[in-house]
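Trainee: Dropping in input_38.cif, which is mmCIF, C-alpha atoms:
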data_work
loop_
_atom_site.label_atom_id
_atom_site.label_comp_id
_atom_site.auth_asym_id
_atom_site.auth_seq_id
_atom_site.Cartn_x
_atom_site.Cartn_y
_atom_site.Cartn_z
CA MET A 22 119.25 116.70 78.40
CA LYS A 23 115.62 116.08 79.29
CA ASP A 24 114.46 117.94 76.18
CA GLN A 25 116.79 115.88 73.99
CA ILE A 26 115.33 112.61 75.24
CA TYR A 27 111.73 113.37 76.20
CA GLY A 28 111.00 116.63 74.42
CA PRO A 29 108.24 118.79 75.97
CA ARG A 30 106.12 115.80 76.98
CA LEU A 31 104.91 115.31 80.58
CA VAL A 32 103.09 112.06 81.32
CA LEU A 33 100.14 112.29 83.72
CA PHE A 34 98.76 109.52 85.92
CA ALA A 35 96.74 108.98 89.09
CA PRO A 36 97.35 106.66 92.05
CA LEU A 37 94.55 104.26 92.94
CA TYR A 38 94.73 103.14 96.57
CA VAL A 39 92.91 99.84 97.04
CA SER A 40 93.83 99.08 100.68
CA ASN A 41 95.42 100.70 103.72
CA MET A 42 95.47 97.48 105.78
CA CYS A 43 99.16 96.82 106.46
CA ALA A 44 101.16 94.17 108.32
CA ASN A 45 104.33 96.29 108.47
CA ASP A 46 105.25 98.90 111.07
CA CYS A 47 107.10 101.67 109.23
CA THR A 48 107.17 104.68 111.53
CA TYR A 49 106.89 107.29 108.74
CA CYS A 50 103.68 105.82 107.24
CA ALA A 51 100.08 106.32 108.36
CA PHE A 52 99.24 102.80 107.20
CA ARG A 53 101.62 101.11 109.69
CA ALA A 54 100.10 98.20 111.59
CA ARG A 55 100.23 99.73 115.08
CA ASN A 56 98.72 103.06 114.10
CA LYS A 57 95.33 103.18 115.84
CA GLU A 58 94.42 106.61 114.45
CA VAL A 59 93.87 105.53 110.86
CA LYS A 60 90.61 103.96 109.71
CA ARG A 61 91.28 100.71 107.84
CA ARG A 62 89.66 99.89 104.54
CA ALA A 63 90.13 97.54 101.59
CA LEU A 64 88.12 98.16 98.43
CA SER A 65 85.89 95.49 96.94
CA GLN A 66 86.05 94.71 93.24
CA GLU A 67 82.93 96.79 92.69
CA GLU A 68 84.44 99.74 94.59
CA ILE A 69 87.60 99.45 92.47
CA ARG A 70 85.45 99.52 89.33
CA ARG A 71 83.76 102.72 90.52
CA GLU A 72 87.09 104.39 91.31
CA VAL A 73 88.41 103.52 87.85
CA GLU A 74 85.23 104.83 86.21
CA ILE A 75 85.73 108.19 87.91
CA LEU A 76 89.39 108.36 86.81
CA VAL A 77 88.48 107.46 83.22
CA ASP A 78 85.75 110.10 83.17
CA GLN A 79 88.32 112.65 84.36
CA GLY A 80 90.51 111.76 81.38
CA HIS A 81 93.14 109.46 82.87
CA LYS A 82 94.67 106.65 80.81
CA ARG A 83 97.34 105.53 83.26
CA ILE A 84 96.99 104.61 86.94
CA LEU A 85 99.25 103.36 89.73
CA LEU A 86 97.63 100.62 91.82
CA VAL A 87 98.73 101.04 95.46
CA ARG A 88 98.15 98.42 98.13
CA ALA A 89 99.49 98.32 101.68
CA SER A 90 101.63 95.32 102.61
CA ARG A 91 99.25 92.77 104.07
CA ILE A 92 100.26 89.29 105.23
CA ARG A 93 101.04 87.27 102.11
CA THR A 94 97.98 85.22 101.23
CA ARG A 95 97.30 84.91 97.51
CA ALA A 96 99.01 88.30 97.04
CA SER A 97 99.65 87.99 93.33
CA SER A 98 96.27 86.48 92.47
CA THR A 99 94.47 89.27 94.34
CA CYS A 100 96.54 91.93 92.61
CA SER A 101 96.11 90.25 89.23
CA THR A 102 92.34 90.34 89.71
CA ARG A 103 92.51 94.05 90.52
CA LEU A 104 94.64 94.71 87.46
CA ARG A 105 92.17 92.93 85.20
CA ARG A 106 89.27 94.76 86.82
CA SER A 107 90.96 98.11 86.14
CA TYR A 108 91.57 97.24 82.49
CA SER A 109 88.00 96.01 82.04
CA VAL A 110 86.36 99.38 82.72
CA LYS A 111 85.09 101.10 79.55
CA ARG A 112 83.42 104.51 79.52
CA GLY A 113 82.46 105.33 75.95
CA LYS A 114 85.84 105.66 74.22
CA GLY A 115 87.63 106.06 77.54
CA GLU A 116 89.62 103.33 79.26
CA ILE A 117 92.77 102.75 81.29
CA ARG A 118 95.60 101.72 78.98
CA ARG A 119 98.36 101.12 81.52
CA VAL A 120 98.16 99.91 85.13
CA ASN A 121 101.35 100.10 87.18
CA ALA A 122 101.52 98.61 90.67
CA ASN A 123 103.14 99.62 93.96
CA ILE A 124 102.86 96.49 96.11
CA ALA A 125 104.98 94.40 98.46
CA PRO A 126 107.87 92.32 97.03
CA LEU A 127 106.83 89.12 95.28
CA THR A 128 108.38 85.85 94.18
CA LEU A 129 109.40 85.21 90.59
CA ASP A 130 106.28 83.13 89.91
CA GLU A 131 104.12 85.90 91.36
CA PHE A 132 105.80 88.46 89.12
CA ARG A 133 105.03 86.23 86.14
CA ALA A 134 101.39 86.12 87.21
CA LEU A 135 101.27 89.91 87.24
CA LYS A 136 102.90 89.96 83.81
CA GLY A 137 100.11 87.73 82.56
CA ALA A 138 97.55 90.12 84.00
CA GLY A 139 99.05 93.00 82.00
CA ILE A 140 100.99 94.96 84.62
CA GLY A 141 102.82 97.95 83.19
CA THR A 142 105.56 98.77 85.70
CA TYR A 143 106.26 97.27 89.11
CA GLN A 144 107.23 99.94 91.63
CA LEU A 145 109.23 99.25 94.78
CA PHE A 146 110.41 101.81 97.33
CA GLN A 147 113.89 101.73 98.85
CA GLU A 148 113.35 104.41 101.47
CA THR A 149 117.00 104.71 102.47
CA TYR A 150 120.35 103.01 101.95
CA HIS A 151 121.55 104.07 105.40
CA HIS A 152 121.42 100.79 107.35
CA ALA A 153 121.04 102.27 110.83
CA THR A 154 118.21 104.53 109.70
CA TYR A 155 116.54 101.70 107.83
CA GLN A 156 116.52 99.52 110.94
CA SER A 157 115.25 102.33 113.18
CA VAL A 158 112.19 103.19 111.10
CA HIS A 159 111.17 99.67 110.01
CA LEU A 160 110.08 97.98 113.21
CA SER A 161 108.52 94.81 111.84
CA ALA A 162 110.68 91.79 110.99
CA ARG A 163 109.25 91.64 107.45
CA ARG A 164 110.82 94.98 106.50
CA ARG A 165 114.00 94.94 108.60
CA THR A 166 115.80 92.54 106.22
CA THR A 167 114.96 94.27 102.93
CA THR A 168 117.85 96.15 101.29
CA GLY A 169 118.83 97.19 97.81
CA ALA A 170 120.76 93.97 97.25
CA SER A 171 117.94 91.65 98.31
CA PRO A 172 115.77 89.39 96.09
CA PRO A 173 112.87 91.90 95.78
CA TRP A 174 115.19 94.09 93.70
CA THR A 175 116.50 91.25 91.53
CA ALA A 176 113.50 88.98 90.95
CA PRO A 177 111.78 91.35 88.44
CA TRP A 178 114.85 91.04 86.18
CA LYS A 179 114.46 87.30 85.65
CA PRO A 180 113.10 85.96 82.33
CA GLY A 181 109.38 86.46 81.95
CA SER A 182 109.13 89.44 84.29
CA THR A 183 108.20 93.02 83.40
CA THR A 184 109.72 96.48 83.65
CA TRP A 185 109.98 98.01 87.09
CA ALA A 186 110.47 101.32 88.80
CA SER A 187 112.93 102.32 91.47
CA ALA A 188 111.59 104.73 94.06
CA SER A 189 113.85 106.54 96.49
CA CYS A 190 112.35 108.48 99.38
CA SER A 191 114.19 111.78 99.81
CA ALA A 192 113.79 112.39 103.51
CA TRP A 193 116.62 110.55 105.25
CA PRO A 194 120.26 111.49 105.99
CA ILE A 195 122.07 112.64 104.03
CA GLY A 196 120.88 113.92 100.64
CA ALA A 197 124.20 113.69 98.79
CA SER A 198 125.17 110.27 100.17
CA ARG A 199 121.70 108.85 99.55
CA SER A 200 121.77 109.97 95.93
CA TRP A 201 125.22 108.45 95.57
CA ALA A 202 123.97 105.14 97.00
CA LEU A 203 121.10 105.16 94.53
CA MET A 204 123.53 105.72 91.67
CA GLN A 205 125.64 102.78 92.87
CA HIS A 206 122.53 100.63 93.02
CA ILE A 207 121.61 101.57 89.46
CA ARG A 208 125.13 100.87 88.21
CA HIS A 209 125.00 97.45 89.88
CA LEU A 210 121.75 96.61 88.09
CA GLU A 211 123.12 97.83 84.76
CA ALA A 212 126.30 95.77 85.20
CA ARG A 213 124.45 92.62 86.23
CA PHE A 214 121.38 92.79 84.00
CA GLY A 215 122.31 95.31 81.29
CA VAL A 216 119.38 97.56 82.15
CA GLY A 217 118.50 100.19 84.74
CA PRO A 218 115.24 101.33 86.37
CA HIS A 219 112.24 102.36 84.33
CA THR A 220 111.51 105.34 86.58
CA ILE A 221 112.69 106.93 89.82
CA SER A 222 110.41 108.72 92.28
CA VAL A 223 111.61 111.46 94.59
CA PRO A 224 109.00 111.82 97.34
CA ARG A 225 109.79 113.76 100.49
CA LEU A 226 108.13 112.89 103.80
CA GLU A 227 104.87 114.76 104.36
CA PRO A 228 102.73 114.86 107.52
CA ALA A 229 100.83 111.61 108.11
CA ILE A 230 98.26 110.84 110.77
CA GLY A 231 99.80 109.00 113.72
CA SER A 232 103.40 109.54 112.55
CA GLU A 233 105.61 111.99 114.42
CA ILE A 234 108.65 111.40 112.21
CA ALA A 235 106.65 112.19 109.08
CA SER A 236 105.48 115.49 110.54
CA THR A 237 108.95 116.50 111.77
CA PRO A 238 111.63 114.60 109.77
CA PRO A 239 114.98 114.62 111.59
CA HIS A 240 116.87 115.40 108.40
CA ALA A 241 114.37 117.12 106.12
CA VAL A 242 115.48 117.86 102.57
CA SER A 243 115.33 121.58 101.78
CA ASP A 244 113.70 122.90 98.61
CA ILE A 245 117.11 123.89 97.23
CA ASP A 246 118.64 120.46 97.87
CA PHE A 247 115.51 118.80 96.52
CA ARG A 248 115.83 120.60 93.20
CA LYS A 249 119.52 119.68 93.08
CA ILE A 250 118.68 115.99 93.61
CA VAL A 251 116.24 116.03 90.69
CA ALA A 252 118.82 117.68 88.41
CA ILE A 253 121.58 115.27 89.47
CA LEU A 254 119.37 112.26 88.84
CA ARG A 255 118.48 113.54 85.37
CA LEU A 256 122.15 114.00 84.46
CA ALA A 257 123.24 110.70 85.99
CA VAL A 258 120.44 108.52 84.56
CA PRO A 259 119.22 110.30 81.41
CA TYR A 260 117.18 107.36 80.10
CA THR A 261 115.11 106.96 83.30
CA GLY A 262 111.79 108.69 83.89
CA ILE A 263 111.56 110.85 87.00
CA ILE A 264 108.24 110.99 88.84
CA MET A 265 106.99 113.95 90.87
CA SER A 266 103.94 113.26 93.05
CA THR A 267 101.31 115.55 94.54
CA ARG A 268 103.20 115.48 97.85
CA GLU A 269 104.89 118.61 96.54
CA THR A 270 103.29 122.02 96.11
CA PRO A 271 102.35 123.32 92.65
CA ASN A 272 105.31 125.72 92.67
CA ILE A 273 107.88 123.05 93.49
CA ARG A 274 106.40 120.77 90.85
CA ARG A 275 106.60 123.50 88.22
CA GLU A 276 110.24 124.22 89.05
CA THR A 277 111.25 120.57 88.68
CA PHE A 278 109.79 120.14 85.19
CA ALA A 279 112.74 121.92 83.62
CA LEU A 280 115.18 120.07 85.89
CA GLY A 281 114.25 116.62 84.66
CA VAL A 282 110.82 115.46 85.82
CA SER A 283 109.00 113.53 83.08
CA GLN A 284 105.95 112.09 84.89
CA ILE A 285 103.54 113.67 87.37
CA SER A 286 100.47 112.55 89.25
CA ALA A 287 97.41 114.78 89.10
CA GLY A 288 94.15 115.05 91.03
CA SER A 289 95.46 112.42 93.45
CA ARG A 290 93.76 110.80 96.43
CA THR A 291 95.87 108.73 98.84
CA ASN A 292 93.06 106.91 100.62
CA PRO A 293 91.06 103.87 99.47
CA GLY A 294 87.82 105.07 97.88
CA GLY A 295 89.10 108.62 97.78
CA TYR A 296 87.81 109.48 94.30
CA ALA A 297 84.25 108.30 94.88
CA GLU A 298 84.07 109.90 98.31
CA ALA A 299 86.12 113.06 97.75
CA GLU A 300 83.40 115.30 99.15
CA ALA A 301 81.39 112.98 101.39
CA ASN A 302 84.23 111.48 103.41
CA PRO A 303 87.16 113.44 104.90
CA ALA A 304 90.33 111.75 103.68
CA GLU A 305 92.60 112.52 106.62
CA SER A 306 91.53 109.48 108.67
CA THR A 307 92.27 106.99 105.86
CA SER A 308 95.00 108.72 103.82
CA GLN A 309 98.67 107.75 103.70
CA PHE A 310 99.96 111.34 103.85
CA GLN A 311 98.92 114.94 103.30
CA LEU A 312 98.97 116.34 99.78
CA GLY A 313 100.81 119.47 98.72
CA ASP A 314 99.00 119.86 95.39
CA HIS A 315 95.21 119.67 95.70
CA ARG A 316 94.38 120.75 92.14
CA ASP A 317 92.18 118.57 89.97
CA LEU A 318 93.31 117.10 86.65
CA ASP A 319 91.83 119.94 84.58
CA GLU A 320 93.79 122.58 86.48
CA VAL A 321 97.04 120.62 86.23
CA VAL A 322 96.66 120.03 82.49
CA ARG A 323 96.00 123.71 81.81
CA ASP A 324 98.93 124.74 83.98
CA VAL A 325 101.31 122.29 82.29
CA ALA A 326 100.20 123.41 78.83
CA SER A 327 100.53 127.11 79.71
CA MET A 328 104.20 126.45 80.50
CA GLY A 329 104.80 125.05 77.01
CA TYR A 330 104.75 121.35 77.90
CA VAL A 331 102.62 118.69 76.22
CA PRO A 332 100.39 116.92 78.77
CA SER A 333 100.39 113.27 77.75
CA PHE A 334 97.93 110.50 78.51
CA LEU A 335 99.65 107.98 76.26
CA TYR A 336 100.89 104.67 77.55
CA ARG A 337 103.72 104.35 75.02
CA LEU A 338 106.80 106.53 74.76
CA LEU A 339 106.19 107.06 71.04
CA PRO A 340 103.16 106.61 68.76
CA SER A 341 102.37 103.12 67.58
CA GLY A 342 104.48 102.14 64.60
CA THR A 343 107.23 104.63 65.37
CA HIS A 344 110.80 103.32 65.66
CA ARG A 345 111.60 103.14 69.36
CA PRO A 346 115.27 103.12 70.40
CA ARG A 347 116.23 101.15 73.47
CA LEU A 348 115.95 103.57 76.39
CA HIS A 349 116.20 101.32 79.42
CA GLY A 350 119.88 100.50 79.43
CA SER A 351 123.28 102.11 79.32
CA GLY A 352 124.45 103.39 75.94
CA GLN A 353 120.89 104.01 74.67
CA THR A 354 120.24 106.38 71.79
CA ARG A 355 118.12 109.50 72.03
CA CYS A 356 114.49 109.63 70.97
CA ASP A 357 113.95 110.94 67.49
CA GLN A 358 112.69 114.49 67.65
CA THR A 359 110.46 114.07 64.62
CA ALA A 360 108.69 111.22 66.39
CA LEU A 361 108.20 113.36 69.47
CA ARG A 362 106.67 116.13 67.37
CA SER A 363 104.30 113.67 65.74
CA GLN A 364 103.42 112.41 69.20
CA ARG A 365 101.94 115.82 70.03
CA ALA A 366 99.00 115.24 67.68
CA VAL A 367 98.38 111.80 69.16
CA ASP A 368 98.47 113.16 72.70
CA LEU A 369 96.03 115.94 71.87
CA HIS A 370 93.65 113.41 70.38
CA ARG A 371 93.59 111.57 73.73
CA ILE A 372 93.17 114.66 75.91
CA PRO A 373 89.55 115.04 77.10
CA ARG A 374 87.56 117.33 74.81
CA ARG A 375 86.77 119.79 77.63
CA LEU A 376 90.51 120.53 77.93
CA ARG A 377 91.21 121.01 74.23
CA ARG A 378 90.72 124.78 74.10
CA PRO A 379 92.88 127.63 72.86
CA GLY A 380 95.55 128.38 75.41
CA ASN A 381 95.23 125.01 77.10
CA ALA A 382 96.59 121.66 75.89
CA GLN A 383 96.67 122.76 72.25
CA GLY A 384 98.71 125.80 73.14
CA GLY A 385 101.68 123.69 74.30
#
Is it possible to give me this structure as structure tokens?

Mentor:
Amino acid sequence: MKDQIYGPRLVLFAPLYVSNMCANDCTYCAFRARNKEVKRRALSQEEIRREVEILVDQGHKRILLVRASRIRTRASSTCSTRLRRSYSVKRGKGEIRRVNANIAPLTLDEFRALKGAGIGTYQLFQETYHHATYQSVHLSARRRTTTGASPPWTAPWKPGSTTWASASCSAWPIGASRSWALMQHIRHLEARFGVGPHTISVPRLEPAIGSEIASTPPHAVSDIDFRKIVAILRLAVPYTGIIMSTRETPNIRRETFALGVSQISAGSRTNPGGYAEAEANPAESTSQFQLGDHRDLDEVVRDVASMGYVPSFLYRLLPSGTHRPRLHGSGQTRCDQTALRSQRAVDLHRIPRRLRRPGNAQGG
């Protein structure tokens, strides 16, 4: 089913953490407010520019802006400024063509402001649909009232807003019931708004500094169940992109490509300033969680291509001018395979020259 809709294409992106200063107290996260072990940092506009320059030089075209949930003071204007700063960076012919954002829930007017700044996709995590678990791991009042039926999940659907991504953390009890709850949530959105999520992430908890529950999850998802969840999501929501982060090991990531994953992060850093200071500053004291895949972008691209997939840096599903069927709603048609084949040439044109060698990206 994945091949029928997406073909051999795998979209690559990188997260850009701009702040780990958080007002929430989520027990599974290193950024939580009461964690004294993590070193706090918020990037300046100049530091953001430098991070984006490094990502562009690596070959990235798409980034995910990640900011911890600070107390709401000019939240949308600050994020809008960071979006514009990211888009403004030019390195020869290189530039970021799509900036997605993982930030705290906003009001409708704030979503419109982000739309005006050029946001690609708004990403919001619903860590669990199990109410007792949700209450037990979200200790601050700001997070204890947020559920899948709350305004943060419905505001982006109003007129003038943008596409958004649903992210479901696969580390809480119980795998089958959580996946079922996610499916019910998606069906509710389709019934009410006629459209489902743009993408779904499937991150498992990984060790995080100052978090016991992240290091030893009470109901950890096994590798076998994890692969089943990815396959079930692909069958249940064929039009939705599935994201696999660098939390997982290279082997697990490879195995999930065929099961339905369509987007992957590569060469990731989960700490503010992590790309500029990759060698000079140990990331553990400022990172959100430990990585499972430490490979750089070049290694990931070559690995993906050697498996027969097309590593993609494009920011559109299909090349410009190609007929694009509606994919973000129930009853959508499949992508035209001819268009996907023509996309290969466009993707290869955007892959950094150092990677375009026999047996690498061109060999896909």

Trainee: Which residues come within 10 Å of A:Arg53, counting only C-alpha atoms, excluding same-chain residues fewer than 4 positions away, as a PyMOL selection string?

Mentor: chain A and resi 41-49+57+59+89-90+159-161+231-232+309

Trainee: Which residue is closest to A:Gly217? Choose from A:Met22, A:Val32, A:Ala122, A:Ala257 and count all atoms listed in the file.

Mentor: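 Ranking A:Met22, A:Val32, A:Ala122, A:Ala257 by distance to A:Gly217, first place goes to A:Ala257.
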
Trainee: So, with all atoms listed in the file as the atoms that count, which of A:Tyr38, A:Phe247, A:Trp201, A:Phe214 lies closest to A:Arg62?

Mentor: A:Tyr38

Trainee: Record the distance separating atom CA of A:Thr270 and atom CA of A:Arg225, expressed in Å with one decimal.

Mentor: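 Taking atom CA of A:Thr270 as the start and atom CA of A:Arg225 as the end point, the length is 11.4 Å.
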
Trainee: Selection in question (the file shown): the PyMOL selection byres ((chain A and resi 118) around 7). Which residues does it include, as a ChimeraX atom specification?

Mentor: /A:82-83,108,116-117,119-120,336

Trainee: What's the separation between atom CA of A:Phe146 and atom CA of A:Tyr330, in Å to one decimal place?

Mentor: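 A separation of 28.1 Å between them.
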
Trainee: Which one of A:Thr220, A:Gln25, A:Gln205, A:Ser327 sits closest to A:Asn121 if you count all atoms listed in the file?

Mentor: A:Thr220

Trainee: Enter the distance from atom CA of A:Phe52 to atom CA of A:His240, in Å, rounded to one decimal.

Mentor: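 Interatomic distance here is 21.7 Å.
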
Trainee: What's around stretch 272-283 of chain A at 9 Å? Count all atoms listed in the file, leave out sequence neighbours fewer than 4 positions away in its own chain, and write the answer as a VMD selection string.

Mentor: chain A and resid 22 to 24 27 29 to 33 244 248 to 249 251 to 256 259 261 to 267 314 324 to 325 328 330

Trainee: Which residues match the PyMOL selection byres ((chain A and resi 34) around 8) in the file above, as a short mmCIF file (atom, residue, chain, number, x, y, z; two decimals) with C-alpha atoms, keeping the file's coordinate frame?

Mentor:
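Dumped to selection-v9.cif:
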data_model
loop_
_atom_site.label_atom_id
_atom_site.label_comp_id
_atom_site.auth_asym_id
_atom_site.auth_seq_id
_atom_site.Cartn_x
_atom_site.Cartn_y
_atom_site.Cartn_z
CA VAL A 32 103.09 112.06 81.32
CA LEU A 33 100.14 112.29 83.72
CA ALA A 35 96.74 108.98 89.09
CA PRO A 36 97.35 106.66 92.05
CA HIS A 81 93.14 109.46 82.87
CA LYS A 82 94.67 106.65 80.81
CA ARG A 83 97.34 105.53 83.26
CA ILE A 84 96.99 104.61 86.94
CA LEU A 85 99.25 103.36 89.73
CA GLN A 284 105.95 112.09 84.89
CA ILE A 285 103.54 113.67 87.37
CA SER A 286 100.47 112.55 89.25
CA ALA A 287 97.41 114.78 89.10
CA PHE A 334 97.93 110.50 78.51
#

Trainee: Kindly provide, as a list in words, the polymer residues lying within 9 Å of (121.3, 102.4, 102.9), counting only C-alpha atoms and using the coordinates exactly as they appear in the file.

Mentor: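 Neighbouring residues, ordered by chain and number, come to Gln147, Glu148, Thr149, Tyr150, His151, His152, Ala153, Thr154, Tyr155, Thr168, Gly169, Arg199, Ala202 and Leu203 of chain A.
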
Trainee: With all atoms listed in the file as the atoms that count, which of A:Ala297, A:Ile221, A:Val321, A:Val110 lies nearest to A:Tyr260?

Mentor: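 Among A:Ala297, A:Ile221, A:Val321, A:Val110, it is A:Ile221 that comes nearest to A:Tyr260.
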
Trainee: Which residues come within 12 Å of A:Leu312, counting all atoms listed in the file, excluding same-chain residues fewer than 3 positions away, as a compact mmCIF listing (two decimals) with C-alpha atoms, in the frame of the given file?

Mentor:
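Output contents, as saved in result.txt:
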# COMPACT_ATOMS: atom_id res chain seq x y z
CA PRO A 224 109.00 111.82 97.34
CA ARG A 225 109.79 113.76 100.49
CA LEU A 226 108.13 112.89 103.80
CA GLU A 227 104.87 114.76 104.36
CA PRO A 228 102.73 114.86 107.52
CA ALA A 229 100.83 111.61 108.11
CA SER A 266 103.94 113.26 93.05
CA THR A 267 101.31 115.55 94.54
CA ARG A 268 103.20 115.48 97.85
CA GLU A 269 104.89 118.61 96.54
CA THR A 270 103.29 122.02 96.11
CA PRO A 271 102.35 123.32 92.65
CA SER A 286 100.47 112.55 89.25
CA ALA A 287 97.41 114.78 89.10
CA GLY A 288 94.15 115.05 91.03
CA SER A 289 95.46 112.42 93.45
CA ARG A 290 93.76 110.80 96.43
CA THR A 291 95.87 108.73 98.84
CA ASN A 292 93.06 106.91 100.62
CA ALA A 304 90.33 111.75 103.68
CA GLU A 305 92.60 112.52 106.62
CA SER A 308 95.00 108.72 103.82
CA GLN A 309 98.67 107.75 103.70
CA HIS A 315 95.21 119.67 95.70
CA ARG A 316 94.38 120.75 92.14

Trainee: Could you pull the residues within 7 Å of A:Leu64, counting all atoms listed in the file, minus those fewer than 6 positions along the same chain, as a list in words?

Mentor: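 Final neighbour list, sorted by chain and number: Val39, Ser40, Pro293 and Gly294 of chain A.
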
Trainee: Find, counting only C-alpha atoms, the residue in A:Ala235, A:Ala51, A:Ile69, A:Ile26 that gets nearest to A:Gly295.

Mentor: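 Result for the nearest residue to A:Gly295: A:Ile69.
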
Trainee: Which residues would end up in the selection if the PyMOL selection byres ((chain A and resi 66) around 12) were applied here, given that I need the answer as a ChimeraX atom specification?

Mentor: /A:39-40,63-65,67-73,99-107,109-110,294

Trainee: Quick one: 4 Å padding each side, axis-aligned, all listed atoms of stretch 310-329 of chain A - centre and edge lengths in Å to one decimal, as JSON?

Mentor:
{"center_x": 98.3, "center_y": 119.2, "center_z": 90.4, "size_x": 21.0, "size_y": 23.8, "size_z": 34.8}
